[in-house]
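K.L.:
mmCIF, C-alpha atoms (C1' of nucleotides), file data-v9.cif:
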```
data_coords
#
loop_
_atom_site.label_atom_id
_atom_site.label_comp_id
_atom_site.auth_asym_id
_atom_site.auth_seq_id
_atom_site.Cartn_x
_atom_site.Cartn_y
_atom_site.Cartn_z
CA MET A 5 54.96 -7.39 -53.87
CA SER A 6 57.51 -8.42 -51.27
CA GLU A 7 56.71 -11.44 -49.12
CA GLY A 8 57.64 -9.35 -46.07
CA VAL A 9 54.25 -7.63 -46.29
CA GLU A 10 52.48 -10.84 -45.35
CA TRP A 11 54.83 -11.35 -42.41
CA ALA A 12 54.44 -7.76 -41.27
CA VAL A 13 50.65 -7.83 -41.18
CA HIS A 14 50.54 -11.10 -39.27
CA CYS A 15 53.13 -9.82 -36.80
CA CYS A 16 51.21 -6.60 -36.20
CA LEU A 17 48.10 -8.62 -35.54
CA ASN A 18 49.94 -10.87 -33.10
CA LEU A 19 51.43 -7.86 -31.33
CA ALA A 20 47.91 -6.46 -30.96
CA TRP A 21 47.06 -9.67 -29.07
CA ALA A 22 50.23 -9.72 -26.97
CA ASP A 23 50.53 -8.20 -23.49
CA ALA A 24 50.64 -4.46 -23.91
CA GLY A 25 53.28 -4.03 -21.23
CA ARG A 26 55.85 -6.41 -22.64
CA GLY A 27 57.77 -6.34 -25.87
CA VAL A 28 58.04 -9.46 -28.04
CA PRO A 29 61.47 -10.27 -29.53
CA ALA A 30 61.73 -10.75 -33.28
CA ALA A 31 63.00 -14.28 -32.73
CA ARG A 32 59.83 -15.18 -30.85
CA LEU A 33 57.60 -13.75 -33.55
CA ALA A 34 59.63 -15.61 -36.17
CA ALA A 35 59.29 -18.89 -34.27
CA LEU A 36 55.51 -18.53 -34.46
CA TYR A 37 55.60 -19.19 -38.19
CA GLN A 38 59.08 -20.70 -38.58
CA LEU A 39 60.40 -17.67 -40.42
CA PRO A 40 64.08 -16.58 -40.66
CA ALA A 41 64.45 -14.45 -37.54
CA ALA A 42 67.11 -12.03 -38.77
CA TYR A 43 65.24 -11.22 -41.94
CA LEU A 44 61.97 -10.75 -40.12
CA ASN A 45 63.84 -8.39 -37.83
CA LYS A 46 64.76 -6.36 -40.90
CA GLN A 47 61.13 -6.01 -41.89
CA LEU A 48 60.10 -5.02 -38.38
CA GLN A 49 62.76 -2.30 -38.44
CA ALA A 50 60.95 -0.77 -41.39
CA LEU A 51 57.75 -0.73 -39.36
CA VAL A 52 59.59 1.01 -36.53
CA ARG A 53 60.88 3.66 -38.94
CA ASP A 54 57.29 4.55 -39.82
CA GLY A 55 56.10 4.57 -36.22
CA ILE A 56 53.90 1.51 -36.59
CA LEU A 57 55.99 -0.38 -34.04
CA MET A 58 58.22 0.60 -31.12
CA SER A 59 61.37 -1.32 -30.27
CA THR A 60 63.27 -1.86 -27.01
CA SER A 61 66.79 -3.26 -26.79
CA GLY A 62 68.25 -5.58 -24.21
CA PRO A 63 66.76 -8.32 -22.03
CA ARG A 64 62.96 -8.20 -21.77
CA GLY A 65 63.07 -6.01 -24.86
CA GLY A 66 61.41 -6.53 -28.23
CA PHE A 67 58.73 -5.01 -30.40
CA ARG A 68 55.32 -3.62 -29.50
CA LEU A 69 52.71 -1.59 -31.34
CA GLY A 70 53.63 2.06 -31.76
CA ARG A 71 50.04 3.28 -31.71
CA ARG A 72 46.53 1.93 -31.23
CA PRO A 73 45.33 -0.72 -33.70
CA ALA A 74 42.54 1.64 -34.77
CA ASP A 75 45.21 4.08 -35.98
CA ILE A 76 47.11 1.53 -38.08
CA THR A 77 45.83 0.85 -41.58
CA LEU A 78 46.88 -1.90 -43.94
CA LEU A 79 48.16 0.84 -46.23
CA ASP A 80 50.49 2.02 -43.48
CA ILE A 81 52.03 -1.44 -43.22
CA VAL A 82 52.33 -1.97 -46.96
CA THR A 83 53.88 1.47 -47.42
CA ALA A 84 56.39 0.87 -44.64
CA ILE A 85 57.65 -2.32 -46.28
CA GLU A 86 57.30 -1.52 -49.99
CA GLY A 87 57.89 2.22 -50.02
CA ALA A 88 55.52 5.01 -50.95
CA ASP A 89 56.11 4.99 -54.71
CA GLU A 90 53.20 3.93 -56.89
CA ALA A 91 53.54 0.70 -58.81
CA PHE A 92 53.41 2.24 -62.29
CA ARG A 93 56.49 4.31 -63.08
CA CYS A 94 55.90 6.94 -65.76
CA THR A 95 59.21 7.76 -67.42
CA GLU A 96 57.61 10.23 -69.83
CA ILE A 97 58.71 8.37 -72.92
CA ARG A 98 56.18 10.42 -74.87
CA ARG A 99 58.72 13.27 -74.85
CA ARG A 100 61.26 11.29 -76.85
CA THR A 101 59.50 11.41 -80.21
CA PRO A 102 61.86 12.05 -83.16
CA TRP A 103 59.84 15.02 -84.45
CA PRO A 104 60.14 18.44 -82.76
CA HIS A 105 57.71 19.16 -79.94
CA THR A 106 54.75 21.42 -80.51
CA GLN A 107 54.34 23.99 -77.81
CA GLY A 108 51.66 22.95 -75.36
CA ASP A 109 51.87 19.25 -76.24
CA PHE A 110 53.00 18.36 -72.75
CA ARG A 111 51.16 20.94 -70.69
CA ASP A 112 48.64 18.28 -69.76
CA PRO A 113 50.00 15.44 -67.64
CA CYS A 114 50.54 12.05 -69.29
CA LEU A 115 47.04 10.59 -69.57
CA ILE A 116 48.26 7.02 -69.35
CA HIS A 117 50.00 7.92 -66.13
CA GLN A 118 46.77 9.50 -64.92
CA ALA A 119 44.73 6.39 -65.72
CA MET A 120 47.21 4.18 -63.88
CA GLY A 121 47.22 6.67 -61.03
CA ARG A 122 43.45 6.36 -60.66
CA ALA A 123 43.77 2.60 -60.30
CA ASP A 124 46.60 3.01 -57.81
CA LEU A 125 44.47 5.44 -55.83
CA ALA A 126 41.54 3.01 -55.71
CA TRP A 127 43.93 0.36 -54.38
CA ARG A 128 45.31 2.66 -51.71
CA ARG A 129 41.84 3.85 -50.74
CA GLU A 130 40.74 0.27 -50.15
CA LEU A 131 43.83 -0.54 -48.08
CA ALA A 132 43.53 2.65 -46.05
CA ALA A 133 39.91 1.81 -45.24
CA GLN A 134 40.96 -1.32 -43.35
CA THR A 135 42.45 -0.71 -39.91
CA LEU A 136 44.29 -3.27 -37.88
CA ALA A 137 41.54 -3.01 -35.27
CA GLU A 138 38.93 -4.03 -37.81
CA VAL A 139 40.97 -6.95 -39.11
CA LYS A 140 41.58 -8.01 -35.52
CA ALA A 141 37.86 -7.93 -34.70
CA THR A 142 36.98 -9.91 -37.81
CA VAL A 143 39.57 -12.57 -37.09
CA GLU A 144 38.38 -12.86 -33.50
CA ARG A 145 34.85 -13.52 -34.72
CA SER A 146 36.15 -16.19 -37.08
CA ALA A 147 38.54 -17.91 -34.63
CA PRO A 148 37.59 -16.98 -31.04
CA GLY A 149 40.31 -19.10 -29.42
CA LEU A 150 43.18 -17.76 -31.49
CA PRO A 151 43.94 -14.53 -29.59
CA GLY A 152 44.24 -16.33 -26.25
CA ARG A 153 46.43 -19.09 -27.62
CA THR A 154 48.70 -16.60 -29.38
CA ARG A 155 48.98 -14.36 -26.34
CA GLU A 156 49.88 -17.27 -24.08
CA TRP A 157 52.45 -18.68 -26.44
CA LEU A 158 54.11 -15.31 -26.95
CA ALA A 159 54.32 -14.80 -23.18
CA ALA A 160 55.66 -18.30 -22.46
CA THR A 161 59.43 -18.61 -21.97
CA PRO A 162 61.12 -20.34 -24.89
CA HIS A 163 63.16 -23.43 -24.02
CA MET B 11 55.64 -3.09 -61.83
CA SER B 12 57.70 -3.76 -64.91
CA GLU B 13 58.68 -0.83 -67.09
CA GLY B 14 57.44 -2.80 -70.09
CA VAL B 15 53.87 -1.92 -69.14
CA GLU B 16 54.46 1.73 -69.96
CA TRP B 17 55.97 0.80 -73.31
CA ALA B 18 53.13 -1.59 -74.09
CA VAL B 19 50.37 0.94 -73.48
CA HIS B 20 52.06 3.61 -75.55
CA CYS B 21 52.66 1.13 -78.37
CA CYS B 22 49.04 -0.02 -78.37
CA LEU B 23 47.94 3.57 -78.58
CA ASN B 24 50.28 4.24 -81.48
CA LEU B 25 49.10 1.13 -83.29
CA ALA B 26 45.54 2.39 -82.88
CA TRP B 27 46.63 5.48 -84.80
CA ALA B 28 48.60 3.63 -87.46
CA ASP B 29 47.17 2.50 -90.80
CA ALA B 30 44.88 -0.45 -90.15
CA GLY B 31 46.07 -2.32 -93.24
CA ARG B 32 49.79 -2.25 -92.52
CA GLY B 33 51.77 -3.79 -89.71
CA VAL B 34 54.37 -1.75 -87.86
CA PRO B 35 57.71 -3.45 -87.11
CA ALA B 36 58.93 -3.51 -83.52
CA ALA B 37 62.05 -1.63 -84.56
CA ARG B 38 59.93 1.25 -85.88
CA LEU B 39 57.88 1.42 -82.69
CA ALA B 40 61.08 1.33 -80.64
CA ALA B 41 62.59 4.17 -82.67
CA LEU B 42 59.61 6.32 -81.76
CA TYR B 43 60.81 6.51 -78.15
CA GLN B 44 64.43 5.36 -78.55
CA LEU B 45 63.80 2.08 -76.78
CA PRO B 46 65.85 -1.15 -77.16
CA ALA B 47 64.13 -2.76 -80.14
CA ALA B 48 64.75 -6.41 -79.28
CA TYR B 49 63.46 -6.04 -75.76
CA LEU B 50 60.38 -4.15 -76.87
CA ASN B 51 59.79 -7.00 -79.31
CA LYS B 52 59.73 -9.36 -76.34
CA GLN B 53 57.03 -7.31 -74.63
CA LEU B 54 54.96 -7.15 -77.81
CA GLN B 55 55.16 -10.94 -78.04
CA ALA B 56 53.40 -11.12 -74.70
CA LEU B 57 50.64 -8.93 -76.07
CA VAL B 58 50.32 -11.25 -79.08
CA ARG B 59 49.99 -14.26 -76.79
CA ASP B 60 46.96 -12.66 -75.16
CA GLY B 61 45.38 -11.67 -78.47
CA ILE B 62 45.82 -7.94 -77.93
CA LEU B 63 48.10 -7.69 -80.96
CA MET B 64 48.56 -9.69 -84.15
CA SER B 65 51.97 -10.21 -85.72
CA THR B 66 53.10 -10.84 -89.28
CA SER B 67 56.56 -12.03 -90.26
CA GLY B 68 58.67 -11.08 -93.24
CA PRO B 69 58.91 -7.90 -95.29
CA ARG B 70 55.98 -5.49 -94.85
CA GLY B 71 55.23 -7.40 -91.66
CA GLY B 72 55.00 -6.15 -88.10
CA PHE B 73 52.41 -5.71 -85.38
CA ARG B 74 48.85 -4.46 -85.51
CA LEU B 75 45.96 -4.45 -83.06
CA GLY B 76 44.36 -7.83 -82.53
CA ARG B 77 40.91 -6.42 -81.86
CA ARG B 78 39.10 -3.10 -81.75
CA PRO B 79 40.41 -0.46 -79.28
CA ALA B 80 37.03 -0.51 -77.54
CA ASP B 81 37.63 -4.17 -76.66
CA ILE B 82 41.10 -3.63 -75.18
CA THR B 83 41.26 -2.53 -71.55
CA LEU B 84 44.27 -1.29 -69.64
CA LEU B 85 43.87 -4.36 -67.44
CA ASP B 86 44.29 -6.58 -70.49
CA ILE B 87 47.61 -4.94 -71.28
CA VAL B 88 48.89 -5.00 -67.72
CA THR B 89 47.88 -8.64 -67.30
CA ALA B 90 49.58 -9.63 -70.55
CA ILE B 91 52.90 -8.15 -69.40
CA GLU B 92 52.83 -8.79 -65.66
CA GLY B 93 50.84 -11.99 -65.48
CA ALA B 94 47.47 -12.64 -63.92
CA ASP B 95 48.67 -13.26 -60.34
CA GLU B 96 47.63 -10.74 -57.74
CA ALA B 97 50.37 -8.66 -56.15
CA PHE B 98 49.93 -9.98 -52.62
CA ARG B 99 51.03 -13.61 -52.26
CA CYS B 100 49.39 -15.40 -49.35
CA THR B 101 51.60 -18.31 -48.31
CA GLU B 102 49.27 -19.30 -45.47
CA ILE B 103 51.87 -18.83 -42.79
CA ARG B 104 49.04 -18.87 -40.26
CA ARG B 105 49.04 -22.67 -40.56
CA ARG B 106 52.58 -22.97 -39.23
CA THR B 107 51.85 -22.17 -35.59
CA PRO B 108 53.71 -24.41 -33.11
CA TRP B 109 50.55 -25.45 -31.30
CA PRO B 110 48.24 -28.10 -32.77
CA HIS B 111 45.44 -26.84 -34.98
CA THR B 112 41.89 -26.70 -33.70
CA GLN B 113 39.41 -28.14 -36.13
CA GLY B 114 37.68 -25.44 -38.10
CA ASP B 115 40.40 -22.85 -37.49
CA PHE B 116 41.15 -22.64 -41.19
CA ARG B 117 37.73 -23.25 -42.67
CA ASP B 118 37.42 -19.54 -43.29
CA PRO B 119 39.87 -18.11 -45.82
CA CYS B 120 42.78 -16.04 -44.53
CA LEU B 121 41.20 -12.70 -43.70
CA ILE B 122 44.37 -10.77 -44.40
CA HIS B 123 44.47 -12.34 -47.81
CA GLN B 124 40.84 -11.35 -48.27
CA ALA B 125 41.51 -7.74 -47.32
CA MET B 126 44.42 -7.54 -49.75
CA GLY B 127 42.27 -9.23 -52.35
CA ARG B 128 39.62 -6.53 -52.02
CA ALA B 129 42.22 -3.85 -52.68
CA ASP B 130 43.55 -5.80 -55.63
CA LEU B 131 40.03 -6.13 -57.00
CA ALA B 132 39.43 -2.38 -56.73
CA TRP B 133 42.65 -1.83 -58.67
CA ARG B 134 41.65 -4.27 -61.40
CA ARG B 135 38.15 -2.86 -61.60
CA GLU B 136 39.54 0.62 -62.22
CA LEU B 137 41.93 -0.63 -64.89
CA ALA B 138 39.25 -2.72 -66.59
CA ALA B 139 36.99 0.33 -66.76
CA GLN B 140 39.42 2.17 -69.06
CA THR B 141 39.47 0.95 -72.65
CA LEU B 142 42.12 1.85 -75.18
CA ALA B 143 39.41 3.62 -77.20
CA GLU B 144 38.63 5.92 -74.29
CA VAL B 145 42.28 6.70 -73.62
CA LYS B 146 42.74 7.36 -77.34
CA ALA B 147 39.79 9.76 -77.43
CA THR B 148 41.01 11.63 -74.36
CA VAL B 149 44.52 12.01 -75.75
CA GLU B 150 43.14 13.24 -79.07
CA ARG B 151 41.21 15.94 -77.26
CA SER B 152 44.33 16.96 -75.38
CA ALA B 153 46.73 16.89 -78.35
CA PRO B 154 44.77 17.04 -81.63
CA GLY B 155 47.84 17.00 -83.86
CA LEU B 156 49.48 13.96 -82.29
CA PRO B 157 47.58 11.14 -84.07
CA GLY B 158 48.35 12.55 -87.52
CA ARG B 159 52.02 13.12 -86.78
CA THR B 160 52.39 9.65 -85.32
CA ARG B 161 50.57 7.96 -88.19
CA GLU B 162 52.70 9.75 -90.78
CA TRP B 163 55.95 8.98 -89.05
CA LEU B 164 55.10 5.32 -88.62
CA ALA B 165 54.20 5.04 -92.31
CA ALA B 166 57.32 6.85 -93.54
CA THR B 167 60.18 4.68 -94.76
CA PRO B 168 63.10 4.64 -92.33
CA HIS B 169 66.46 5.67 -93.79
"C1'" DG C 26 54.87 -10.79 -122.88
"C1'" DT C 27 53.95 -14.00 -119.16
"C1'" DC C 28 54.87 -17.42 -115.93
"C1'" DT C 29 57.86 -19.91 -112.83
"C1'" DG C 30 61.60 -20.66 -109.86
"C1'" DC C 31 65.03 -18.65 -106.95
"C1'" DA C 32 67.76 -15.58 -104.29
"C1'" DT C 33 67.35 -11.89 -101.00
"C1'" DA C 34 66.26 -9.13 -97.33
"C1'" DC C 35 63.22 -8.41 -93.69
"C1'" DT C 36 60.53 -9.61 -89.39
"C1'" DC C 37 59.13 -12.22 -85.59
"C1'" DG C 38 60.20 -15.74 -82.02
"C1'" DG C 39 62.64 -17.94 -78.64
"C1'" DA C 40 67.18 -19.07 -76.47
"C1'" DT C 41 71.04 -16.86 -74.14
"C1'" DA C 42 73.84 -13.30 -70.88
"C1'" DA C 43 74.24 -8.96 -67.58
"C1'" DG C 44 72.21 -6.14 -63.83
"C1'" DA C 45 69.09 -4.84 -60.03
"C1'" DG C 46 66.35 -5.87 -56.19
"C1'" DC C 47 64.53 -9.11 -52.95
"C1'" DT C 48 65.99 -12.66 -49.68
"C1'" DG C 49 68.89 -14.36 -46.19
"C1'" DT C 50 72.92 -14.09 -42.78
"C1'" DC C 51 76.23 -12.23 -39.63
"C1'" DC C 52 78.32 -9.39 -36.14
"C1'" DG C 53 78.64 -5.16 -33.24
"C1'" DA C 54 76.36 -1.36 -30.07
"C1'" DG C 55 73.57 -0.81 -26.33
"C1'" DT C 56 70.83 -2.18 -22.32
"C1'" DA C 57 68.48 -4.48 -18.44
"C1'" DG C 58 69.01 -7.72 -15.01
"C1'" DC C 59 71.85 -10.69 -12.06
"C1'" DT C 60 75.86 -11.61 -9.20
"C1'" DT C 61 78.98 -10.46 -5.90
"C1'" DA C 62 81.58 -7.94 -2.83
"C1'" DG C 63 81.67 -4.33 0.52
"C1'" DG C 64 79.61 -1.41 4.12
"C1'" DC D 23 70.73 -6.95 5.69
"C1'" DC D 24 71.27 -3.25 2.23
"C1'" DT D 25 73.81 -0.99 -1.47
"C1'" DA D 26 76.51 -0.47 -5.42
"C1'" DA D 27 79.66 -1.75 -8.94
"C1'" DG D 28 80.75 -4.96 -12.40
"C1'" DC D 29 79.55 -8.74 -15.36
"C1'" DT D 30 76.66 -11.41 -18.23
"C1'" DA D 31 73.29 -12.36 -21.48
"C1'" DC D 32 69.96 -10.66 -24.45
"C1'" DT D 33 67.98 -7.65 -28.19
"C1'" DC D 34 67.92 -4.45 -31.83
"C1'" DG D 35 70.31 -2.24 -35.73
"C1'" DG D 36 72.90 -1.95 -39.66
"C1'" DA D 37 76.57 -4.00 -42.79
"C1'" DC D 38 77.59 -8.02 -45.74
"C1'" DA D 39 76.58 -12.25 -49.38
"C1'" DG D 40 73.29 -15.44 -52.39
"C1'" DC D 41 69.57 -15.85 -55.48
"C1'" DT D 42 65.53 -14.83 -58.28
"C1'" DC D 43 63.51 -11.79 -61.49
"C1'" DT D 44 63.76 -7.94 -64.60
"C1'" DT D 45 66.37 -6.00 -68.33
"C1'" DA D 46 68.97 -6.47 -72.45
"C1'" DT D 47 71.01 -8.91 -76.46
"C1'" DC D 48 71.73 -12.18 -80.13
"C1'" DC D 49 70.79 -15.54 -83.67
"C1'" DG D 50 67.78 -18.75 -86.25
"C1'" DA D 51 62.99 -19.97 -88.64
"C1'" DG D 52 59.79 -18.33 -91.72
"C1'" DT D 53 57.90 -15.26 -95.34
"C1'" DA D 54 56.79 -11.79 -98.82
"C1'" DT D 55 59.18 -9.30 -102.33
"C1'" DG D 56 61.79 -8.58 -106.44
"C1'" DC D 57 64.57 -10.50 -110.12
"C1'" DA D 58 66.07 -13.51 -113.68
"C1'" DG D 59 65.36 -16.85 -116.99
"C1'" DA D 60 62.61 -19.95 -119.80
"C1'" DC D 61 58.56 -20.64 -122.60
#
```
Can you present the structure in this file as structure tokens?

P.N.:
Amino acid sequence: MSEGVEWAVHCCLNLAWADAGRGVPAARLAALYQLPAAYLNKQLQALVRDGILMSTSGPRGGFRLGRRPADITLLDIVTAIEGADEAFRCTEIRRRTPWPHTQGDFRDPCLIHQAMGRADLAWRRELAAQTLAEVKATVERSAPGLPGRTREWLAATPH
Amino acid sequence: MSEGVEWAVHCCLNLAWADAGRGVPAARLAALYQLPAAYLNKQLQALVRDGILMSTSGPRGGFRLGRRPADITLLDIVTAIEGADEAFRCTEIRRRTPWPHTQGDFRDPCLIHQAMGRADLAWRRELAAQTLAEVKATVERSAPGLPGRTREWLAATPH
DNA sequence: GTCTGCATACTCGGATAAGAGCTGTCCGAGTAGCTTAGG
DNA sequence: CCTAAGCTACTCGGACAGCTCTTATCCGAGTATGCAGAC
């Protein structure tokens, strides 16, 4: 899985803590964790494409959440960065046997594909069950001072 | 996910159908689906390393199952090819904030990592629940003639 | 006829290249705010 | 003093390289088989 997923989730969380009225530039978010700003910008673009974030150009511009944290799941973020395809790619190699096909052999879907699909579905179900709002609440219970510190630092003017 | 996983599962299934006494060369298994023989060999080596297959060199050599199909799970095969690492890599970027750390901030594990870990666990659990014996039985119900055809073709001398 | 030694062909195993995708960087389009000149 | 036009600086967005990992290939080590020759 791409490393951008980790960045994206952390950034979404930080944007949930930031002032709702203001946007946060990609460079500022990158400075928070000393990440390459331009590349992080690329990842955030993907989040914008899926409506998870909104972007504003120009001075005082930047990124903000596109919808409420309760309506953003971890699956949404992962899908935006990684794409919607499932991990296991079934290329139907079973059809390439040297002997001639018997009619009806391939009416049923590939059972290996199905088994992998079940696992993929369980993974997606678990990710979709976790909203950004829930993660945010859990983190706030674990580190009560973190939201305030983050919000202040994001709002402060960089020098 | 690597394409080798698909090949590996199909090959394990075919080896479960093959004569128990004889080994099947990688080239023969590759010919079944018109795959690059040398590269398939590389994937099968990974299965041997994890004890899923056994290999024999020389004439009349080849690969056979390393243990009973009931003791081989889909997770075993995927892990052998892809490695045991979980998909999401937590690099602990939360520790790189510009402000000084408050003691106890990082006593709890990264909650984002935990959430991703839960999804990963659900995926593994689903894969571990499916044994090769179960997949084999399901396929045999769906295509009763397939095991016999496969077994015969694998045993036939290539020309 | 039987045993032994050898040559042969076959198979796996790891070392070695090509290609694709992730990672990282750069520059241009567009915009909001500031400055400045005029009324 | 107020207004408006122009300028400046800032930000996103997409186009352009570098690098790691997957994909693919090749050759050598080892082994069972079959054959030939001697006893």

K.L.:
Could you list the residues in chain A lying within 7 Å of chain B, using all atoms listed in the file, and format the result as a list in words?

P.N.:
Met5, Glu7, Glu10, Leu36, Tyr37, Gln38, Ala91, Phe92, Arg93, Cys94, Ile97, Arg98, Arg100, Thr101, Pro102, Asp109, Leu115, Ala123, Asp124, Ala126, Trp127, Glu130, Leu131, Val143 and Ala147 of chain A

K.L.:
Export C-alpha atoms of the chosen residues as a PDB file, in the frame of the given file?

P.N.:
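Wrote it out as selection-v2.pdb, contents follow:
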```pdb
ATOM      1  CA  MET A   5      54.960  -7.390 -53.870  1.00  0.00           C
ATOM      2  CA  GLU A   7      56.710 -11.440 -49.120  1.00  0.00           C
ATOM      3  CA  GLU A  10      52.480 -10.840 -45.350  1.00  0.00           C
ATOM      4  CA  LEU A  36      55.510 -18.530 -34.460  1.00  0.00           C
ATOM      5  CA  TYR A  37      55.600 -19.190 -38.190  1.00  0.00           C
ATOM      6  CA  GLN A  38      59.080 -20.700 -38.580  1.00  0.00           C
ATOM      7  CA  ALA A  91      53.540   0.700 -58.810  1.00  0.00           C
ATOM      8  CA  PHE A  92      53.410   2.240 -62.290  1.00  0.00           C
ATOM      9  CA  ARG A  93      56.490   4.310 -63.080  1.00  0.00           C
ATOM     10  CA  CYS A  94      55.900   6.940 -65.760  1.00  0.00           C
ATOM     11  CA  ILE A  97      58.710   8.370 -72.920  1.00  0.00           C
ATOM     12  CA  ARG A  98      56.180  10.420 -74.870  1.00  0.00           C
ATOM     13  CA  ARG A 100      61.260  11.290 -76.850  1.00  0.00           C
ATOM     14  CA  THR A 101      59.500  11.410 -80.210  1.00  0.00           C
ATOM     15  CA  PRO A 102      61.860  12.050 -83.160  1.00  0.00           C
ATOM     16  CA  ASP A 109      51.870  19.250 -76.240  1.00  0.00           C
ATOM     17  CA  LEU A 115      47.040  10.590 -69.570  1.00  0.00           C
ATOM     18  CA  ALA A 123      43.770   2.600 -60.300  1.00  0.00           C
ATOM     19  CA  ASP A 124      46.600   3.010 -57.810  1.00  0.00           C
ATOM     20  CA  ALA A 126      41.540   3.010 -55.710  1.00  0.00           C
ATOM     21  CA  TRP A 127      43.930   0.360 -54.380  1.00  0.00           C
ATOM     22  CA  GLU A 130      40.740   0.270 -50.150  1.00  0.00           C
ATOM     23  CA  LEU A 131      43.830  -0.540 -48.080  1.00  0.00           C
ATOM     24  CA  VAL A 143      39.570 -12.570 -37.090  1.00  0.00           C
ATOM     25  CA  ALA A 147      38.540 -17.910 -34.630  1.00  0.00           C
TER      26      ALA A 147
END
```

K.L.:
Quick one: pull the distance between atom CA of B:Trp27 and atom C1' of D:DA54, Å, one decimal.

P.N.:
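These atoms are spaced 24.5 Å apart.
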
K.L.:
Give as a count of residues only the set of residues within 12 Å of the point (47.6, -13.5, -79.6), where distances use the file's coordinates and only C-alpha atoms (C1' of nucleotides).

P.N.:
21

K.L.:
Can you translate the PyMOL selection byres ((chain C) within 7 of (chain A)) into the concrete residues it hits in this file, as a PyMOL selection string?

P.N.:
chain C and resi 49+56-57

K.L.:
Expand the PyMOL selection byres ((chain D) within 12 of (chain B)) into the individual residues it matches in the shown file, reporting them as a list of chain:residue names.

P.N.:
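Output from the PyMOL selection byres ((chain D) within 12 of (chain B)), applied to this file: D:DC43, D:DT44, D:DT45, D:DA46, D:DT47, D:DC48, D:DC49, D:DA51, D:DG52, D:DT53, D:DA54, D:DT55, D:DG56.
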
K.L.:
Atom CA of A:Cys15 and atom C1' of D:DG36 are how many Å apart?

P.N.:
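Pair atom CA of A:Cys15 / atom C1' of D:DG36 returns 21.5 Å.
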
K.L.:
For the structure shown, which residues end up in the PyMOL selection byres ((chain D and resi 30) around 9)? Put them as a list of chain:residue names, please?

P.N.:
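Applied to this file, the PyMOL selection byres ((chain D and resi 30) around 9) returns C:DC59, D:DC29, D:DA31.
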
K.L.:
So what do you get for atom CA of B:Ala28 versus atom CA of B:Ala166, distance-wise?

P.N.:
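Here the two named atoms are 11.1 Å from each other.
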